[in-house]
$ cat query.cif   # mmCIF, C-alpha atoms
data_query
#
loop_
_atom_site.label_atom_id
_atom_site.label_comp_id
_atom_site.auth_asym_id
_atom_site.auth_seq_id
_atom_site.Cartn_x
_atom_site.Cartn_y
_atom_site.Cartn_z
CA MET A 19 95.45 112.34 103.89
CA ALA A 20 92.26 113.70 102.37
CA GLN A 21 88.82 112.62 103.46
CA PHE A 22 85.53 113.21 101.73
CA GLN A 23 81.94 112.10 101.48
CA LEU A 24 80.05 112.96 98.33
CA SER A 25 76.82 114.91 98.62
CA GLU A 26 74.03 114.34 96.13
CA ASP A 27 74.68 117.66 94.36
CA GLU A 28 78.38 116.94 94.22
CA TYR A 29 77.77 113.50 92.74
CA VAL A 30 75.54 114.99 90.04
CA ARG A 31 78.04 117.76 89.22
CA GLY A 32 80.96 115.32 89.17
CA SER A 33 79.12 112.82 86.97
CA LEU A 34 78.21 115.53 84.46
CA ALA A 35 81.83 116.69 84.45
CA PHE A 36 82.77 113.17 83.33
CA VAL A 37 80.53 113.43 80.30
CA LEU A 38 81.19 117.00 79.27
CA LYS A 39 84.61 116.60 77.73
CA PRO A 40 86.09 119.27 75.44
CA ARG A 41 86.23 116.66 72.67
CA THR A 42 82.48 116.06 72.99
CA GLY A 43 81.89 119.81 72.77
CA ILE A 44 83.95 120.06 69.59
CA LEU A 45 82.05 117.17 67.99
CA LEU A 46 78.71 118.75 68.91
CA ALA A 47 79.84 122.09 67.48
CA ILE A 48 80.78 120.38 64.20
CA ALA A 49 77.39 118.63 64.12
CA LEU A 50 75.63 121.96 64.68
CA ILE A 51 77.56 123.57 61.81
CA PHE A 52 76.38 120.76 59.54
CA PHE A 53 72.78 121.28 60.66
CA VAL A 54 73.05 125.02 59.96
CA LEU A 55 74.48 124.33 56.50
CA SER A 56 71.78 121.76 55.82
CA GLU A 57 69.05 124.26 56.73
CA PHE A 58 70.74 126.98 54.70
CA PHE A 59 71.00 124.85 51.56
CA ASN A 60 67.36 123.86 51.99
CA GLY A 61 66.26 127.42 51.38
CA ARG A 62 66.32 129.16 54.76
CA SER A 63 68.26 132.36 55.32
CA LEU A 64 71.50 132.11 57.27
CA ILE A 65 69.99 133.83 60.32
CA GLU A 66 66.97 131.51 60.26
CA SER A 67 69.20 128.45 59.89
CA ILE A 68 71.32 129.43 62.88
CA GLY A 69 68.25 130.34 64.94
CA VAL A 70 66.40 127.08 64.23
CA THR A 71 69.49 124.94 64.87
CA LEU A 72 70.58 126.70 68.05
CA GLY A 73 67.03 126.84 69.39
CA SER A 74 66.54 123.12 68.85
CA ALA A 75 69.97 122.33 70.27
CA VAL A 76 69.36 124.38 73.43
CA LEU A 77 65.94 122.76 73.93
CA LEU A 78 67.44 119.28 73.49
CA ALA A 79 70.37 120.08 75.80
CA VAL A 80 68.02 121.30 78.55
CA LEU A 81 65.88 118.17 78.25
CA VAL A 82 68.92 115.88 78.33
CA TYR A 83 70.38 117.77 81.30
CA LEU A 84 67.15 117.53 83.30
CA PHE A 85 66.69 113.85 82.48
CA ALA A 86 70.35 113.02 83.29
CA ARG A 87 70.21 114.94 86.57
CA ARG A 88 67.05 113.12 87.60
CA ARG A 89 68.60 109.72 86.79
CA LEU A 90 71.81 110.55 88.65
CA ARG A 91 69.92 111.66 91.75
CA LYS A 92 67.95 108.39 91.65
CA ILE A 93 71.17 106.37 91.34
CA PHE A 94 72.74 108.26 94.24
CA ARG A 95 69.74 107.59 96.49
CA GLU A 96 69.57 103.91 95.52
CA GLN A 97 73.29 103.17 95.92
CA ALA A 98 74.20 103.72 99.54
CA SER A 99 77.87 102.91 98.95
CA LEU A 100 78.19 106.23 97.09
CA THR A 101 77.71 108.07 100.36
CA GLU A 102 80.49 106.29 102.19
CA LEU A 103 83.34 108.19 103.79
CA ILE A 104 86.43 107.86 101.62
CA ASN A 105 90.03 108.42 102.63
CA VAL A 106 92.52 109.31 99.94
CA THR A 107 96.26 109.19 100.39
CA ILE A 108 98.17 110.93 97.64
CA ASP A 109 101.87 110.91 96.99
CA ASP A 110 104.12 111.12 93.98
CA GLN A 111 103.81 107.40 93.29
CA ARG A 112 100.13 106.67 93.63
CA LEU A 113 96.63 107.42 94.85
CA ASN A 114 95.21 105.22 97.53
CA TYR A 115 91.45 105.31 98.13
CA SER A 116 90.21 103.43 101.14
CA TRP A 117 86.81 103.08 102.72
CA ALA A 118 84.93 100.61 104.89
CA ARG A 119 84.56 98.09 102.10
CA GLY A 120 88.04 98.03 100.73
CA THR A 121 91.11 99.71 99.35
CA TYR A 122 91.88 100.88 95.86
CA LEU A 123 95.39 101.71 94.77
CA LEU A 124 96.22 103.40 91.48
CA PRO A 125 99.81 104.24 90.53
CA TRP A 126 100.17 107.56 88.69
CA ALA A 127 101.92 105.64 85.93
CA ASN A 128 98.60 103.93 85.17
CA VAL A 129 96.46 107.05 85.15
CA ARG A 130 95.74 107.39 81.47
CA SER A 131 94.59 110.98 81.48
CA GLY A 132 93.30 113.64 83.81
CA ARG A 133 91.29 116.82 83.82
CA GLU A 134 90.71 119.60 86.29
CA THR A 135 87.31 121.23 86.55
CA ARG A 136 86.24 123.97 88.95
CA ASN A 137 85.33 121.46 91.68
CA PHE A 138 86.98 118.19 90.74
CA PHE A 139 89.96 116.35 89.40
CA ILE A 140 88.79 113.66 86.98
CA LEU A 141 91.26 110.81 86.64
CA TRP A 142 90.82 108.27 83.85
CA GLU A 143 92.13 104.75 84.22
CA SER A 144 90.83 103.79 80.78
CA SER A 145 88.71 105.45 78.10
CA ALA A 146 85.58 104.21 79.87
CA PHE A 147 86.45 104.40 83.53
CA GLY A 148 87.45 107.30 85.71
CA ARG A 149 87.34 108.55 89.26
CA MET A 150 86.45 111.93 90.62
CA LEU A 151 88.38 113.61 93.36
CA PRO A 152 86.70 116.63 94.96
CA LYS A 153 89.18 119.49 95.22
CA ARG A 154 87.60 120.77 98.43
CA ALA A 155 88.97 117.71 100.26
CA LEU A 156 92.57 118.21 99.19
CA SER A 157 95.29 120.19 100.87
CA GLU A 158 97.40 122.61 98.82
CA GLU A 159 100.21 120.10 98.76
CA GLU A 160 97.93 117.29 97.54
CA THR A 161 96.40 119.56 94.92
CA ALA A 162 99.87 120.40 93.66
CA ILE A 163 100.79 116.70 93.43
CA VAL A 164 97.65 115.89 91.44
CA ARG A 165 98.16 118.88 89.12
CA LYS A 166 101.76 117.92 88.50
CA ASN A 167 100.88 114.32 87.71
CA ILE A 168 97.96 114.99 85.39
CA ALA A 169 99.90 117.69 83.56
CA SER A 170 102.15 114.99 82.16
CA LYS A 171 99.15 112.99 80.89
CA ARG A 172 97.09 113.40 77.79
CA ARG A 173 94.14 115.74 78.36
CA VAL A 174 90.64 114.34 77.87
CA MET B 24 91.22 104.19 48.69
CA ARG B 25 90.48 106.20 51.83
CA VAL B 26 87.86 103.78 53.14
CA PRO B 27 90.11 100.69 52.99
CA LEU B 28 92.95 102.71 54.55
CA THR B 29 90.72 103.90 57.41
CA LEU B 30 89.35 100.40 57.83
CA SER B 31 92.84 98.92 58.01
CA ILE B 32 93.84 101.50 60.63
CA PHE B 33 90.80 100.52 62.73
CA LEU B 34 91.60 96.83 62.32
CA CYS B 35 95.20 97.42 63.38
CA ALA B 36 93.99 99.37 66.42
CA GLY B 37 91.64 96.51 67.28
CA SER B 38 94.37 93.91 67.10
CA ALA B 39 96.69 96.11 69.16
CA LEU B 40 94.07 96.26 71.90
CA ALA B 41 93.44 92.56 71.74
CA SER B 42 97.11 91.71 72.09
CA GLU B 43 97.76 93.93 75.12
CA ILE B 44 97.58 90.85 77.32
CA ARG B 45 97.50 87.21 76.37
CA GLU B 46 93.86 86.11 76.21
CA PHE B 47 92.09 82.76 76.20
CA ASP B 48 88.61 81.67 75.21
CA ILE B 49 85.88 81.91 77.84
CA LYS B 50 85.83 78.17 78.67
CA THR B 51 89.60 78.22 79.27
CA ILE B 52 89.32 81.39 81.38
CA GLU B 53 86.67 79.72 83.53
CA ARG B 54 88.79 76.59 83.88
CA LEU B 55 91.94 78.55 84.77
CA GLY B 56 90.05 80.68 87.30
CA ASN B 57 88.59 77.64 89.01
CA GLU B 58 91.95 75.87 88.96
CA LEU B 59 93.51 78.94 90.55
CA THR B 60 90.93 78.74 93.34
CA ARG B 61 91.67 75.07 93.92
CA VAL B 62 95.47 75.10 93.54
CA SER B 63 95.94 78.31 95.57
CA GLN B 64 94.50 76.43 98.56
CA THR B 65 97.07 73.63 98.35
CA ARG B 66 100.32 73.72 100.31
CA ASP B 67 102.69 73.67 97.33
CA LYS B 68 100.46 75.89 95.14
CA GLY B 69 101.13 73.86 92.03
CA ALA B 70 104.93 73.78 92.38
CA THR B 71 104.87 70.01 92.70
CA THR B 72 107.89 68.95 90.63
CA PRO B 73 111.44 70.32 90.21
CA VAL B 74 110.50 71.77 86.80
CA ARG B 75 107.41 73.50 88.22
CA LYS B 76 109.46 74.81 91.13
CA ARG B 77 111.95 76.20 88.62
CA ALA B 78 109.09 77.79 86.69
CA LYS B 79 107.97 79.50 89.88
CA GLN B 80 111.48 80.85 90.55
CA THR B 81 111.72 82.04 86.94
CA ALA B 82 108.44 83.92 87.34
CA ILE B 83 109.55 85.48 90.63
CA ALA B 84 112.69 86.74 88.90
CA ALA B 85 110.72 88.04 85.92
CA LEU B 86 108.38 90.00 88.19
CA GLN B 87 111.13 91.69 90.18
CA GLY B 88 110.27 95.37 90.44
CA LYS B 89 106.97 94.95 88.58
CA LEU B 90 104.63 94.00 91.41
CA PHE B 91 102.43 96.63 92.97
CA ASN B 92 104.20 97.89 96.03
CA LEU B 93 101.42 97.80 98.57
CA ARG B 94 101.98 99.13 102.01
CA TYR B 95 100.84 99.46 105.56
CA GLU B 96 98.58 102.47 106.20
CA ALA B 97 98.99 103.17 109.89
CA SER B 98 97.35 106.57 109.55
CA GLN B 99 94.09 104.92 108.53
CA GLY B 100 94.23 102.27 111.20
CA LYS B 101 94.29 99.65 108.47
CA PHE B 102 96.71 96.89 107.85
CA PHE B 103 97.57 96.32 104.24
CA ASN B 104 100.23 93.73 104.80
CA ILE B 105 99.64 92.36 101.33
CA HIS B 106 102.02 90.02 99.67
CA TYR B 107 102.06 87.91 96.54
CA GLU B 108 101.65 84.14 96.46
CA TYR B 109 102.81 82.24 93.37
CA VAL B 110 100.59 79.58 91.83
CA VAL B 111 101.76 77.30 89.02
CA LEU B 112 99.30 75.96 86.44
CA ASP B 113 99.76 74.17 83.12
CA ASP B 114 99.66 76.45 80.11
CA PRO B 115 96.45 75.49 78.26
CA ALA B 116 97.96 76.46 74.91
CA GLY B 117 101.27 74.66 75.13
CA SER B 118 103.58 72.48 77.14
CA GLY B 119 104.81 75.28 79.41
CA PHE B 120 103.37 76.84 82.53
CA LEU B 121 101.41 79.80 83.68
CA VAL B 122 102.69 81.19 86.95
CA TYR B 123 100.36 83.61 88.70
CA ALA B 124 101.41 86.18 91.26
CA LEU B 125 98.24 86.42 93.31
CA GLY B 126 97.95 89.30 95.73
CA GLU B 127 96.71 88.39 99.16
CA GLY B 128 95.27 90.60 101.86
CA ALA B 129 96.30 90.76 105.48
CA ARG B 130 93.35 88.65 106.56
CA PRO B 131 92.29 85.40 104.88
CA SER B 132 88.87 86.93 104.25
CA ASP B 133 90.35 89.87 102.32
CA THR B 134 90.28 89.45 98.57
CA VAL B 135 92.58 91.18 96.12
CA VAL B 136 90.04 91.52 93.31
CA HIS B 137 92.49 92.91 90.79
CA GLY B 138 96.20 93.63 90.86
CA HIS B 139 97.52 90.17 89.95
CA PHE B 140 100.16 89.14 87.41
CA ARG B 141 100.67 86.20 85.07
CA VAL B 142 103.94 84.88 83.66
CA THR B 143 104.10 82.44 80.76
CA VAL B 144 107.06 80.15 81.39
CA SER B 145 108.71 77.68 79.00
CA ALA B 146 108.27 73.89 79.32
CA ASP B 147 111.65 73.43 81.03
CA GLY B 148 110.76 76.15 83.53
CA SER B 149 113.82 78.23 82.77
CA LYS B 150 112.54 81.01 80.54
CA ALA B 151 109.88 83.65 81.17
CA GLU B 152 108.31 84.03 77.74
CA ARG B 153 105.81 86.70 78.62
CA VAL B 154 104.72 88.79 81.59
CA ASP B 155 101.11 89.98 81.67
CA THR B 156 100.03 92.65 84.11
CA LEU B 157 96.41 91.71 84.63
CA ALA B 158 95.33 95.10 86.00
CA HIS B 159 96.38 98.74 86.11
CA SER B 160 95.42 99.11 89.73
CA VAL B 161 94.80 97.13 92.90
CA PHE B 162 91.55 96.65 94.73
CA VAL B 163 91.41 94.86 98.06
CA ASP B 164 87.92 93.91 99.16
CA THR B 165 87.28 93.75 102.87
CA LYS B 166 84.72 91.13 103.73
CA GLU B 167 84.03 92.26 107.27
CA SER B 168 82.74 95.60 106.12
CA PRO B 169 79.71 97.20 107.70
CA SER B 170 76.52 97.41 105.73
CA ALA B 171 75.84 100.88 104.39
CA GLY B 172 72.39 101.96 105.50
CA ASN B 173 70.15 98.95 105.07
CA TRP B 174 72.17 97.65 102.14
CA ASN B 175 74.44 94.64 102.15
CA LYS B 176 77.10 93.72 99.66
CA VAL B 177 75.77 91.12 97.24
CA GLY B 178 77.97 91.75 94.22
CA PHE B 179 80.99 93.59 92.95
CA ALA B 180 81.06 95.83 89.87
CA MET B 181 84.21 96.91 88.14
CA ASN B 182 85.91 97.97 84.95
CA GLN B 183 88.74 96.06 83.31
CA PRO B 184 90.87 98.35 81.16
CA LEU B 185 92.94 95.53 79.69
CA GLY B 186 91.86 92.90 77.20
CA THR B 187 88.51 92.08 75.63
CA ARG B 188 87.47 89.30 78.02
CA PRO B 189 87.57 89.06 81.82
CA VAL B 190 90.84 87.77 83.18
CA GLU B 191 90.81 84.43 84.99
CA THR B 192 91.85 86.01 88.28
CA LEU B 193 88.37 87.57 88.42
CA VAL B 194 86.85 84.08 88.46
CA TYR B 195 89.26 83.32 91.30
CA ALA B 196 88.26 86.55 93.10
CA SER B 197 84.54 85.84 92.67
CA ASN B 198 85.02 82.33 94.06
CA HIS B 199 87.04 83.74 96.97
CA MET B 200 84.50 86.45 97.82
CA LYS B 201 81.58 84.08 97.17
CA ILE B 202 79.72 86.86 95.37
CA PRO B 203 79.25 87.60 91.66
CA ILE B 204 81.39 90.12 89.82
CA ALA B 205 80.02 92.32 87.05
CA VAL B 206 82.82 93.55 84.85
CA VAL B 207 83.01 95.72 81.75
CA THR B 208 86.00 95.25 79.48
CA SER B 209 86.81 98.79 78.37
CA PRO B 210 88.41 98.16 74.98
CA ASN B 211 85.24 96.59 73.55
CA ARG B 212 82.76 97.97 76.15
CA GLN B 213 81.38 94.49 76.73
CA GLY B 214 79.70 93.55 79.99
CA TRP B 215 80.32 90.21 81.69
CA TRP B 216 78.81 88.45 84.67
CA ILE B 217 80.96 86.09 86.72
CA GLU B 218 79.26 83.82 89.21
CA ASN B 219 79.94 80.35 90.63
CA GLY B 220 83.00 79.94 88.42
CA LYS B 221 81.09 80.70 85.22
CA ILE B 222 81.26 83.69 82.91
CA ARG B 223 78.49 84.97 80.73
CA LYS B 224 78.05 88.01 78.54
CA TYR B 225 75.39 90.55 79.22
CA ASP B 226 74.11 93.40 77.14
CA ARG B 227 73.66 96.81 78.64
#

$ encode --input "query.cif" --output "structure tokens"
Amino acid sequence: MAQFQLSEDEYVRGSLAFVLKPRTGILLAIALIFFVLSEFFNGRSLIESIGVTLGSAVLLAVLVYLFARRRLRKIFREQASLTELINVTIDDQRLNYSWARGTYLLPWANVRSGRETRNFFILWESSAFGRMLPKRALSEEETAIVRKNIASKRRV
Amino acid sequence: MRVPLTLSIFLCAGSALASEIREFDIKTIERLGNELTRVSQTRDKGATTPVRKRAKQTAIAALQGKLFNLRYEASQGKFFNIHYEYVVLDDPAGSGFLVYALGEGARPSDTVVHGHFRVTVSADGSKAERVDTLAHSVFVDTKESPSAGNWNKVGFAMNQPLGTRPVETLVYASNHMKIPIAVVTSPNRQGWWIENGKIRKYDR
């Protein structure tokens, strides 16, 4: 049985991992290519077009990152239930989260997709709802079970 | 040509999502949820006549092997001796019945918020016409939970990955917990607020 309690930094990192999907990255890259082409066909040189687009994109990304991080930290501090101690039991059939306020059981069959980041497993129950599982809390055996079960799912 | 084709693909996808479970209009969902609350507290749980008793048995047979297999977690010092109770209601859209498999916690104050099932049974009670799994997962709310910091539980927020409207068992769960439930239906990303047996939409 794994046990964990999210820290503020961990919550922020995990929440950002939810948003930063490979698919989102691909869509942003396509959008940037269109911006570069638009600048180029409006009379700028190719180097200028790339420079202006990438510069603006980096500036926007930094602003969004800082704003999102600030919001997430505020949410974490306001919502005390996020700091609760959570027990997770993992076997080949299901995941079972339990904490002081209740119990949540999710069969692997109903995990729609999963992703592994450096610090987390992200498990999606639907396109809009997922759960993070910090890898630091899992034993080698539990990590292997999660990897095996998300490998058979569609990647996000 | 491409636009109509793309549009038709989107429309097909939309109807596929909508038909994942059988859905009712909001007034009917409210009525069913409140009826579930009332009938689940009676001794016979709606199985009042031979036909309704047969409908219940038909539903039990149809759900064999489909119910969430909840278990006792001795390692956590918690008792999840959860079982399913069957409640028979009239089908609002026909002459048959709706039989609900309602999960129940070990203690009367526990509430299984989601993890219930619904079986549509024919008018003679002999045929299970449809089985709807009303959730992908199970959540059991523990009422006697400590307050976290200086915060107390005043509501419950959740996501419903099935259907485009809240399922009636959430009205039942809200009534049982005596707190509102905020739910987002994933397929259409719509927010809903359930309180005192009523459902209303909210915009994010």

$ atom_distance --input "query.cif" --atom1 "CA of Ala116 (chain B)" --atom2 "CA of Ala205 (chain B)"
26.8 Å

$ closest_residue --input "query.cif" --among "B:Val111, B:Val163, B:Val207, B:Leu193" --to "Lys224 (chain B)" --atoms "only C-alpha atoms"
B:Val207

$ resolve_selection --input "query.cif" --expression "the PyMOL selection byres ((chain A) within 7 of (chain B))" --output "list in words"
Ala98, Ser99, Ala118, Arg119, Gly120, Thr121, Tyr122, Leu123, Leu124, Pro125, Asn128, Ser144, Ser145, Ala146 and Phe147 of chain A

$ residues_around --input "query.cif" --residues "Arg61 (chain B)" --least-positions-apart "5" --cutoff "10 Å" --atoms "all atoms listed in the file" --output "list in words"
Leu55, Gly56, Lys68, Gly69, Tyr195 and Asn198 of chain B

$ resolve_selection --input "query.cif" --expression "the PyMOL selection byres ((chain A and resi 31-36) around 8)" --output "ChimeraX atom specification"
/A:27-30,37-39,90,135,137-138,140,148,150

$ atom_distance --input "query.cif" --atom1 "CA of Ala78 (chain B)" --atom2 "CA of Ser149 (chain B)"
6.2 Å

$ resolve_selection --input "query.cif" --expression "the PyMOL selection byres ((chain B and resi 222) around 9)" --output "list in words"
Ile49, Lys50, Ile52, Glu53, Pro189, Val194, Trp215, Trp216, Ile217, Glu218, Asn219, Gly220, Lys221, Arg223 and Lys224 of chain B

$ atom_distance --input "query.cif" --atom1 "CA of Thr65 (chain B)" --atom2 "CA of Leu125 (chain B)"
13.8 Å

$ residues_around --input "query.cif" --residues "region 71-76 of chain A" --least-positions-apart "2" --cutoff "9 Å" --atoms "all atoms listed in the file" --output "tab-separated table (two decimals) with C-alpha atoms, in the coordinates of the input"
chain	number	residue	atom	x	y	z
A	50	LEU	CA	75.63	121.96	64.68
A	51	ILE	CA	77.56	123.57	61.81
A	53	PHE	CA	72.78	121.28	60.66
A	54	VAL	CA	73.05	125.02	59.96
A	57	GLU	CA	69.05	124.26	56.73
A	66	GLU	CA	66.97	131.51	60.26
A	67	SER	CA	69.20	128.45	59.89
A	68	ILE	CA	71.32	129.43	62.88
A	69	GLY	CA	68.25	130.34	64.94
A	78	LEU	CA	67.44	119.28	73.49
A	79	ALA	CA	70.37	120.08	75.80
A	80	VAL	CA	68.02	121.30	78.55
A	81	LEU	CA	65.88	118.17	78.25

$ closest_residue --input "query.cif" --among "A:Thr101, A:Leu141, A:Arg136, A:Ala49" --to "Arg154 (chain A)" --atoms "all atoms listed in the file"
A:Arg136

$ closest_residue --input "query.cif" --among "B:Val190, B:Ala180, B:Ile83, B:Val142" --to "Asp114 (chain B)" --atoms "all atoms listed in the file"
B:Val142

$ closest_residue --input "query.cif" --among "B:Ala151, B:Ile44, B:Ile204, B:Leu59" --to "Thr81 (chain B)" --atoms "only C-alpha atoms"
B:Ala151
